[in-house]
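Visitor: File follows, coords-v7.cif with mmCIF, C-alpha atoms and all ligand atoms:
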```
data_target
loop_
_atom_site.label_atom_id
_atom_site.label_comp_id
_atom_site.auth_asym_id
_atom_site.auth_seq_id
_atom_site.Cartn_x
_atom_site.Cartn_y
_atom_site.Cartn_z
CA MET A 1 3.94 25.85 -15.54
CA VAL A 2 7.68 26.13 -16.11
CA ARG A 3 8.57 28.01 -19.25
CA TYR A 4 11.54 29.68 -20.82
CA LYS A 5 11.70 33.22 -22.09
CA GLU A 6 13.83 34.85 -24.68
CA ILE A 7 15.56 31.77 -26.02
CA HIS A 8 18.22 32.83 -28.50
CA PRO A 9 17.33 31.29 -31.89
CA GLY A 10 20.90 30.07 -32.32
CA SER A 11 20.91 28.12 -29.03
CA ILE A 12 18.12 25.63 -29.69
CA VAL A 13 18.20 22.12 -31.19
CA PHE A 14 15.25 20.20 -32.59
CA ASP A 15 14.57 16.49 -32.59
CA PHE A 16 13.16 15.21 -35.88
CA ASP A 17 10.41 12.60 -35.43
CA CYS A 18 7.25 13.86 -33.69
CA VAL A 19 8.78 17.34 -33.40
CA VAL A 20 9.62 18.53 -36.91
CA ALA A 21 7.97 15.61 -38.73
CA ASP A 22 4.45 14.39 -37.97
CA THR A 23 5.59 10.80 -37.70
CA MET A 24 2.53 9.47 -35.91
CA GLU A 25 0.17 10.97 -38.53
CA ALA A 26 2.11 9.04 -41.16
CA PHE A 27 2.11 5.91 -38.98
CA SER A 28 -1.68 6.06 -38.50
CA ARG A 29 -2.32 6.81 -42.17
CA LEU A 30 -0.15 3.94 -43.44
CA ALA A 31 -1.63 1.56 -40.85
CA MET A 32 -5.13 2.30 -42.17
CA ALA A 33 -4.31 2.55 -45.88
CA ASP A 34 -2.08 -0.50 -46.22
CA TYR A 35 -3.05 -2.76 -43.30
CA GLY A 36 -6.67 -1.73 -42.56
CA ILE A 37 -5.77 -0.95 -38.94
CA LEU A 38 -7.35 2.05 -37.21
CA VAL A 39 -4.88 3.87 -34.96
CA ARG A 40 -6.13 7.02 -33.26
CA SER A 41 -3.48 9.47 -32.07
CA GLU A 42 -4.82 9.39 -28.50
CA ASP A 43 -4.26 5.62 -28.44
CA ILE A 44 -0.50 6.09 -28.80
CA THR A 45 0.20 6.43 -25.09
CA SER A 46 3.65 4.88 -25.14
CA PHE A 47 6.74 5.85 -27.09
CA ALA A 48 7.06 2.12 -27.86
CA VAL A 49 3.86 1.93 -29.90
CA GLU A 50 3.78 -1.86 -29.99
CA GLN A 51 3.21 -1.74 -26.21
CA CYS A 52 0.04 0.34 -26.43
CA LEU A 53 -1.52 -0.70 -29.74
CA ASP A 54 -3.07 -3.97 -30.73
CA VAL A 55 -0.87 -4.19 -33.82
CA SER A 56 1.66 -6.90 -34.50
CA PRO A 57 5.27 -5.83 -33.84
CA ARG A 58 6.10 -6.97 -37.38
CA ILE A 59 3.67 -4.44 -38.88
CA VAL A 60 4.85 -1.68 -36.53
CA GLU A 61 8.43 -2.36 -37.58
CA GLU A 62 7.49 -2.47 -41.25
CA ILE A 63 5.70 0.91 -41.14
CA PHE A 64 8.50 2.63 -39.19
CA SER A 65 11.07 1.14 -41.52
CA ARG A 66 9.23 2.66 -44.49
CA LEU A 67 9.24 6.05 -42.75
CA LEU A 68 12.95 5.72 -41.92
CA LEU A 69 14.08 4.78 -45.40
CA ALA A 70 11.59 6.64 -47.59
CA PRO A 71 9.91 9.48 -45.71
CA LEU A 72 9.13 11.50 -48.85
CA GLU A 73 7.72 8.54 -50.77
CA ASN A 74 5.46 7.76 -47.80
CA ASN A 75 4.34 11.37 -47.57
CA LEU A 76 5.74 12.13 -44.12
CA LYS A 77 4.46 15.62 -43.38
CA PRO A 78 5.87 18.39 -41.21
CA MET A 79 4.09 19.11 -37.93
CA PRO A 80 1.61 21.99 -38.25
CA HIS A 81 3.40 25.38 -38.47
CA ALA A 82 6.87 23.75 -38.25
CA VAL A 83 7.98 25.08 -41.63
CA THR A 84 6.84 28.68 -41.07
CA VAL A 85 8.27 28.90 -37.55
CA LEU A 86 11.58 27.27 -38.55
CA THR A 87 11.76 29.64 -41.53
CA ASP A 88 11.41 32.58 -39.12
CA ILE A 89 14.10 31.15 -36.84
CA ALA A 90 16.43 30.50 -39.79
CA ALA A 91 16.31 34.20 -40.64
CA CYS A 92 18.11 34.81 -37.33
CA ALA A 93 20.37 31.77 -36.87
CA PRO A 94 21.29 28.41 -38.40
CA LEU A 95 18.94 25.51 -37.62
CA THR A 96 20.19 22.37 -35.87
CA PHE A 97 18.42 19.02 -35.98
CA ILE A 98 19.60 15.95 -34.07
CA THR A 99 17.79 12.69 -34.67
CA ALA A 100 18.15 9.25 -33.14
CA ARG A 101 17.65 7.83 -36.62
CA PRO A 102 20.62 5.88 -38.02
CA ASP A 103 20.34 7.09 -41.62
CA ARG A 104 21.01 10.73 -42.26
CA GLU A 105 20.36 10.80 -45.99
CA PRO A 106 16.56 10.20 -46.07
CA VAL A 107 16.05 12.93 -43.43
CA ASP A 108 18.37 15.25 -45.33
CA ARG A 109 16.37 14.70 -48.54
CA TRP A 110 13.15 15.35 -46.64
CA LEU A 111 14.46 18.62 -45.18
CA ALA A 112 15.65 19.72 -48.63
CA HIS A 113 12.19 18.98 -50.04
CA ILE A 114 10.12 20.53 -47.25
CA PHE A 115 12.04 23.74 -46.60
CA PRO A 116 12.72 26.70 -48.88
CA ALA A 117 16.23 26.42 -50.33
CA ASP A 118 17.66 29.26 -48.23
CA VAL A 119 16.32 27.70 -45.01
CA TYR A 120 17.63 24.24 -45.91
CA ALA A 121 21.01 25.79 -46.69
CA LYS A 122 21.14 27.13 -43.14
CA SER A 123 20.37 23.81 -41.46
CA ARG A 124 22.64 21.16 -40.04
CA LEU A 125 21.57 17.62 -39.32
CA VAL A 126 23.10 14.99 -37.06
CA ALA A 127 21.88 11.38 -37.22
CA MET A 128 22.91 9.65 -33.99
CA GLY A 129 21.79 6.10 -34.72
CA ASN A 130 20.89 5.89 -31.04
CA HIS A 131 18.50 7.44 -28.56
CA ASP A 132 21.30 8.07 -26.09
CA GLY A 133 24.19 10.45 -26.39
CA LYS A 134 22.33 13.46 -27.77
CA ALA A 135 23.50 15.53 -24.78
CA ALA A 136 27.17 15.11 -25.69
CA TYR A 137 26.51 16.40 -29.19
CA VAL A 138 24.52 19.38 -27.96
CA ARG A 139 27.32 20.32 -25.59
CA GLU A 140 29.91 19.87 -28.31
CA LEU A 141 27.93 22.27 -30.50
CA GLY A 142 27.72 24.73 -27.61
CA LEU A 143 23.90 24.81 -27.66
CA GLN A 144 21.55 25.01 -24.69
CA TYR A 145 17.93 24.08 -25.47
CA PHE A 146 16.58 20.87 -26.97
CA VAL A 147 13.04 20.19 -28.12
CA ASP A 148 12.22 16.48 -27.93
CA ASP A 149 9.18 14.27 -27.35
CA ARG A 150 10.95 11.34 -25.69
CA LEU A 151 11.12 11.75 -21.92
CA GLU A 152 14.15 9.52 -21.37
CA THR A 153 16.07 11.78 -23.74
CA CYS A 154 14.86 14.90 -21.92
CA VAL A 155 16.01 13.46 -18.59
CA GLU A 156 19.43 12.64 -20.05
CA LEU A 157 19.71 16.15 -21.47
CA ALA A 158 18.73 17.78 -18.18
CA GLU A 159 21.31 15.69 -16.29
CA ALA A 160 23.96 16.95 -18.69
CA GLY A 161 23.01 20.58 -18.09
CA ILE A 162 21.03 21.03 -21.33
CA SER A 163 17.55 22.56 -20.99
CA PRO A 164 14.95 20.18 -22.42
CA ILE A 165 11.64 21.34 -23.87
CA VAL A 166 9.07 18.57 -24.16
CA PHE A 167 6.95 18.60 -27.30
CA ALA A 168 3.68 17.39 -25.81
CA HIS A 169 2.17 14.14 -27.11
CA PRO A 170 -0.06 11.51 -25.47
CA TRP A 171 3.02 9.43 -24.57
CA ASN A 172 4.66 12.17 -22.50
CA ARG A 173 1.78 14.32 -21.24
CA GLY A 174 1.54 14.61 -17.45
CA ARG A 175 4.63 12.49 -16.89
CA HIS A 176 7.25 15.15 -16.29
CA SER A 177 7.88 18.60 -14.88
CA PHE A 178 9.99 19.99 -17.74
CA PRO A 179 8.93 23.06 -19.70
CA SER A 180 6.60 21.86 -22.42
CA ILE A 181 4.94 23.17 -25.56
CA ASP A 182 2.17 21.55 -27.57
CA SER A 183 2.64 23.25 -30.91
CA TRP A 184 5.14 25.14 -33.02
CA LEU A 185 3.26 28.34 -32.30
CA GLY A 186 4.08 27.67 -28.63
CA ILE A 187 7.78 27.30 -29.43
CA LYS A 188 7.75 30.53 -31.36
CA GLN A 189 6.51 32.45 -28.32
CA TRP A 190 9.57 31.38 -26.34
CA ILE A 191 12.18 32.30 -28.91
CA HIS A 192 13.48 35.81 -29.15
CA LEU A 193 13.07 36.60 -32.85
CA TYR A 194 14.70 39.96 -33.29
CA ASP A 195 14.74 41.80 -36.59
CA CYS A 196 17.39 39.78 -38.34
CA SER A 197 17.32 41.72 -41.56
CA THR A 198 19.27 44.55 -39.96
MG MG B 1 11.14 12.33 -31.49
#
```
Before anything else, please render the file you have as structure tokens.
Ligand SMILES: [Mg+2]
Guide:
Amino acid sequence: MVRYKEIHPGSIVFDFDCVVADTMEAFSRLAMADYGILVRSEDITSFAVEQCLDVSPRIVEEIFSRLLLAPLENNLKPMPHAVTVLTDIAACAPLTFITARPDREPVDRWLAHIFPADVYAKSRLVAMGNHDGKAAYVRELGLQYFVDDRLETCVELAEAGISPIVFAHPWNRGRHSFPSIDSWLGIKQWIHLYDCST
């Protein structure tokens, strides 16, 4: 399998939903708790969940809208080990998050709540409002690697000379030949975390 080695911690960008935040856990939990609908993670085989689940598009939109506007109030959790690994990376370099979400403020509040204050203080967040165009931002920031779960985005990044890293989920597994990790512990192995205290 293709993999990267020795990624400099200051050269990598992270997508937000389904990479830093466990968006589909929250989606499944809210679907069950508030609508009585069972959604298993393996059933989410398309990025457009309304295409693979037997759930009305209105309910899908309602749940995602809650997670967009009020992630903390709806208990959106970080992906397993995301906070510890990002804390380690932040000791070496600032963190960069670029999301397709239109509203920056709810994500910013979530980051401030989830991360220790010194880690949050070292993070920058860009809310694109669009799935396309992430590559231009990454280039503008002079960064090289981008962890994302959406394949169309990874293709766009690769075409622009950015090195995509696919965060594996049922909707992207086996559908690409990009380097891929399936957990934050996997990401950590690829990043060169030198002793930053010296
Ligand atoms: Mg995502």
Visitor: Using only C-alpha atoms, can you tell me which of A:Thr23, A:Thr99, A:Ser183, A:Ser65 comes closest to A:Phe47?
Guide: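 Among the listed residues, A:Thr23 lies closest to A:Phe47.
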Visitor: Using all atoms listed in the file, collect all residues at a distance of at most 10 Å from (14.1, 13.3, -18.6) as written in the file, then present them as an NGL selection string.
Guide: :A and (150-159 or 164-166 or 175-178)
Visitor: Show me which residues sit within 12 Å of ligand MG 1 (chain B) when counting only C-alpha atoms and all ligand atoms, and put them as a PyMOL selection string.
Guide: chain A and resi 14-24+47-48+79+97-101+130-131+134+146-154+165-169+171-172
Visitor: Under the rule that only C-alpha atoms are counted, which of A:Thr45, A:Gln144, A:Ser123, A:Ser28 is the nearest residue to A:Cys92?
Guide: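 When distances to A:Cys92 are compared using only C-alpha atoms, the smallest one comes from A:Ser123.
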Visitor: Please, what distance in Å, to one decimal, runs between atom CA of A:Ala121 and atom CA of A:Leu69?
Guide: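 Taking atom CA of A:Ala121 as the start and atom CA of A:Leu69 as the end point, the length is 22.2 Å.
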Visitor: Which is closer to A:Asp43 than all the others in A:Val13, A:Ile7, A:Val55, A:Ala112, using all atoms listed in the file?
Guide: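 Checking each candidate against A:Asp43, we get A:Val55 as the closest.
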Visitor: Could you check how far atom CA of A:Leu193 sits from atom CA of A:Ile12, in Å to one decimal?
Guide: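 A separation of 12.5 Å between them.
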Visitor: Quick one: residues within 10 Å of A:Phe115, only C-alpha atoms, excluding same-chain residues fewer than 4 positions away - as number ranges by chain?
Guide: A: 78, 82-84, 86-87, 110-111, 119-121, 123
Visitor: Could you write out the selected residues, including C-alpha atoms, as a PDB file, in the coordinates of the input?
Guide:
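Output (part-v4.pdb):
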```pdb
ATOM      1  CA  PRO A  78       5.870  18.390 -41.210  1.00  0.00           C
ATOM      2  CA  ALA A  82       6.870  23.750 -38.250  1.00  0.00           C
ATOM      3  CA  VAL A  83       7.980  25.080 -41.630  1.00  0.00           C
ATOM      4  CA  THR A  84       6.840  28.680 -41.070  1.00  0.00           C
ATOM      5  CA  LEU A  86      11.580  27.270 -38.550  1.00  0.00           C
ATOM      6  CA  THR A  87      11.760  29.640 -41.530  1.00  0.00           C
ATOM      7  CA  TRP A 110      13.150  15.350 -46.640  1.00  0.00           C
ATOM      8  CA  LEU A 111      14.460  18.620 -45.180  1.00  0.00           C
ATOM      9  CA  VAL A 119      16.320  27.700 -45.010  1.00  0.00           C
ATOM     10  CA  TYR A 120      17.630  24.240 -45.910  1.00  0.00           C
ATOM     11  CA  ALA A 121      21.010  25.790 -46.690  1.00  0.00           C
ATOM     12  CA  SER A 123      20.370  23.810 -41.460  1.00  0.00           C
TER      13      SER A 123
END
```
Visitor: Grab the atom CA of A:Ala127 to atom CA of A:Arg173 distance for me, in Å with one decimal place.
Guide: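 Spanning atom CA of A:Ala127 to atom CA of A:Arg173 is a straight-line distance of 25.8 Å.
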Visitor: Quick one: residues within 12 Å of A:Gly142, all atoms listed in the file counted, chain neighbours fewer than 6 positions away excluded, as number ranges by chain?
Guide: A: 10-13, 96, 135-136, 161-162
Visitor: Using only C-alpha atoms, which of A:Arg58, A:Ser46, A:Arg3, A:Val126 sits nearest A:Ser163?
Guide: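 Looking at the shortest contact to A:Ser163, the residue is A:Arg3.
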Visitor: Which one is closest to A:Ala70: A:Ala90, A:Arg29, A:Glu105, A:Arg40? Count only C-alpha atoms.
Guide: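 Ranking A:Ala90, A:Arg29, A:Glu105, A:Arg40 by distance to A:Ala70, first place goes to A:Glu105.
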Visitor: Complete the atom set of stretch 127-138 of chain A to all heavy atoms and return it as a PDB file, keeping the file's coordinate frame.
Guide:
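Dumped everything to out03.pdb:
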```
ATOM      1  N   ALA A 127      22.612  12.633 -37.427  1.00  0.00           N
ATOM      2  CA  ALA A 127      21.880  11.380 -37.220  1.00  0.00           C
ATOM      3  C   ALA A 127      22.693  10.514 -36.269  1.00  0.00           C
ATOM      4  O   ALA A 127      23.782  10.061 -36.602  1.00  0.00           O
ATOM      5  CB  ALA A 127      21.656  10.654 -38.544  1.00  0.00           C
ATOM      6  N   MET A 128      22.162  10.317 -35.063  1.00  0.00           N
ATOM      7  CA  MET A 128      22.910   9.650 -33.990  1.00  0.00           C
ATOM      8  C   MET A 128      22.961   8.129 -34.158  1.00  0.00           C
ATOM      9  O   MET A 128      23.911   7.493 -33.753  1.00  0.00           O
ATOM     10  CB  MET A 128      22.237   9.918 -32.645  1.00  0.00           C
ATOM     11  CG  MET A 128      22.120  11.362 -32.234  1.00  0.00           C
ATOM     12  SD  MET A 128      23.668  11.982 -31.595  1.00  0.00           S
ATOM     13  CE  MET A 128      24.049  10.744 -30.369  1.00  0.00           C
ATOM     14  N   GLY A 129      21.883   7.558 -34.659  1.00  0.00           N
ATOM     15  CA  GLY A 129      21.790   6.100 -34.720  1.00  0.00           C
ATOM     16  C   GLY A 129      21.466   5.497 -33.367  1.00  0.00           C
ATOM     17  O   GLY A 129      21.521   4.291 -33.170  1.00  0.00           O
ATOM     18  N   ASN A 130      21.109   6.354 -32.405  1.00  0.00           N
ATOM     19  CA  ASN A 130      20.890   5.890 -31.040  1.00  0.00           C
ATOM     20  C   ASN A 130      20.081   6.939 -30.286  1.00  0.00           C
ATOM     21  O   ASN A 130      20.213   8.124 -30.555  1.00  0.00           O
ATOM     22  CB  ASN A 130      22.267   5.744 -30.373  1.00  0.00           C
ATOM     23  CG  ASN A 130      22.195   4.889 -29.144  1.00  0.00           C
ATOM     24  OD1 ASN A 130      21.337   5.094 -28.284  1.00  0.00           O
ATOM     25  ND2 ASN A 130      23.098   3.930 -29.050  1.00  0.00           N
ATOM     26  N   HIS A 131      19.255   6.482 -29.350  1.00  0.00           N
ATOM     27  CA  HIS A 131      18.500   7.440 -28.560  1.00  0.00           C
ATOM     28  C   HIS A 131      19.378   8.154 -27.532  1.00  0.00           C
ATOM     29  O   HIS A 131      19.070   9.247 -27.086  1.00  0.00           O
ATOM     30  CB  HIS A 131      17.345   6.753 -27.818  1.00  0.00           C
ATOM     31  CG  HIS A 131      16.155   6.542 -28.700  1.00  0.00           C
ATOM     32  ND1 HIS A 131      15.466   7.572 -29.280  1.00  0.00           N
ATOM     33  CD2 HIS A 131      15.540   5.413 -29.111  1.00  0.00           C
ATOM     34  CE1 HIS A 131      14.474   7.096 -30.001  1.00  0.00           C
ATOM     35  NE2 HIS A 131      14.498   5.788 -29.925  1.00  0.00           N
ATOM     36  N   ASP A 132      20.455   7.490 -27.130  1.00  0.00           N
ATOM     37  CA  ASP A 132      21.300   8.070 -26.090  1.00  0.00           C
ATOM     38  C   ASP A 132      22.449   8.862 -26.726  1.00  0.00           C
ATOM     39  O   ASP A 132      22.812   8.650 -27.860  1.00  0.00           O
ATOM     40  CB  ASP A 132      21.866   6.955 -25.199  1.00  0.00           C
ATOM     41  CG  ASP A 132      20.738   6.122 -24.617  1.00  0.00           C
ATOM     42  OD1 ASP A 132      19.736   6.724 -24.183  1.00  0.00           O
ATOM     43  OD2 ASP A 132      20.838   4.880 -24.636  1.00  0.00           O
ATOM     44  N   GLY A 133      22.995   9.741 -25.930  1.00  0.00           N
ATOM     45  CA  GLY A 133      24.190  10.450 -26.390  1.00  0.00           C
ATOM     46  C   GLY A 133      23.912  11.787 -27.057  1.00  0.00           C
ATOM     47  O   GLY A 133      24.829  12.469 -27.498  1.00  0.00           O
ATOM     48  N   LYS A 134      22.633  12.172 -27.139  1.00  0.00           N
ATOM     49  CA  LYS A 134      22.330  13.460 -27.770  1.00  0.00           C
ATOM     50  C   LYS A 134      22.975  14.609 -26.978  1.00  0.00           C
ATOM     51  O   LYS A 134      23.446  15.584 -27.556  1.00  0.00           O
ATOM     52  CB  LYS A 134      20.812  13.688 -27.831  1.00  0.00           C
ATOM     53  CG  LYS A 134      20.118  12.928 -28.973  1.00  0.00           C
ATOM     54  CD  LYS A 134      18.621  13.227 -28.987  1.00  0.00           C
ATOM     55  CE  LYS A 134      17.945  12.649 -30.225  1.00  0.00           C
ATOM     56  NZ  LYS A 134      16.488  12.874 -30.231  1.00  0.00           N
ATOM     57  N   ALA A 135      22.994  14.458 -25.644  1.00  0.00           N
ATOM     58  CA  ALA A 135      23.500  15.530 -24.780  1.00  0.00           C
ATOM     59  C   ALA A 135      24.952  15.885 -25.138  1.00  0.00           C
ATOM     60  O   ALA A 135      25.310  17.065 -25.206  1.00  0.00           O
ATOM     61  CB  ALA A 135      23.386  15.134 -23.317  1.00  0.00           C
ATOM     62  N   ALA A 136      25.766  14.864 -25.376  1.00  0.00           N
ATOM     63  CA  ALA A 136      27.170  15.110 -25.690  1.00  0.00           C
ATOM     64  C   ALA A 136      27.305  15.950 -26.953  1.00  0.00           C
ATOM     65  O   ALA A 136      28.121  16.872 -27.022  1.00  0.00           O
ATOM     66  CB  ALA A 136      27.908  13.777 -25.848  1.00  0.00           C
ATOM     67  N   TYR A 137      26.486  15.634 -27.941  1.00  0.00           N
ATOM     68  CA  TYR A 137      26.510  16.400 -29.190  1.00  0.00           C
ATOM     69  C   TYR A 137      26.094  17.844 -28.966  1.00  0.00           C
ATOM     70  O   TYR A 137      26.705  18.760 -29.491  1.00  0.00           O
ATOM     71  CB  TYR A 137      25.558  15.764 -30.213  1.00  0.00           C
ATOM     72  CG  TYR A 137      26.271  14.902 -31.204  1.00  0.00           C
ATOM     73  CD1 TYR A 137      26.364  13.521 -31.010  1.00  0.00           C
ATOM     74  CD2 TYR A 137      26.869  15.453 -32.332  1.00  0.00           C
ATOM     75  CE1 TYR A 137      27.029  12.718 -31.912  1.00  0.00           C
ATOM     76  CE2 TYR A 137      27.529  14.650 -33.246  1.00  0.00           C
ATOM     77  CZ  TYR A 137      27.612  13.290 -33.037  1.00  0.00           C
ATOM     78  OH  TYR A 137      28.272  12.512 -33.933  1.00  0.00           O
ATOM     79  N   VAL A 138      25.022  18.021 -28.188  1.00  0.00           N
ATOM     80  CA  VAL A 138      24.520  19.380 -27.960  1.00  0.00           C
ATOM     81  C   VAL A 138      25.578  20.214 -27.271  1.00  0.00           C
ATOM     82  O   VAL A 138      25.823  21.368 -27.622  1.00  0.00           O
ATOM     83  CB  VAL A 138      23.211  19.340 -27.122  1.00  0.00           C
ATOM     84  CG1 VAL A 138      22.678  20.745 -26.893  1.00  0.00           C
ATOM     85  CG2 VAL A 138      22.148  18.501 -27.824  1.00  0.00           C
TER      86      VAL A 138
END
```
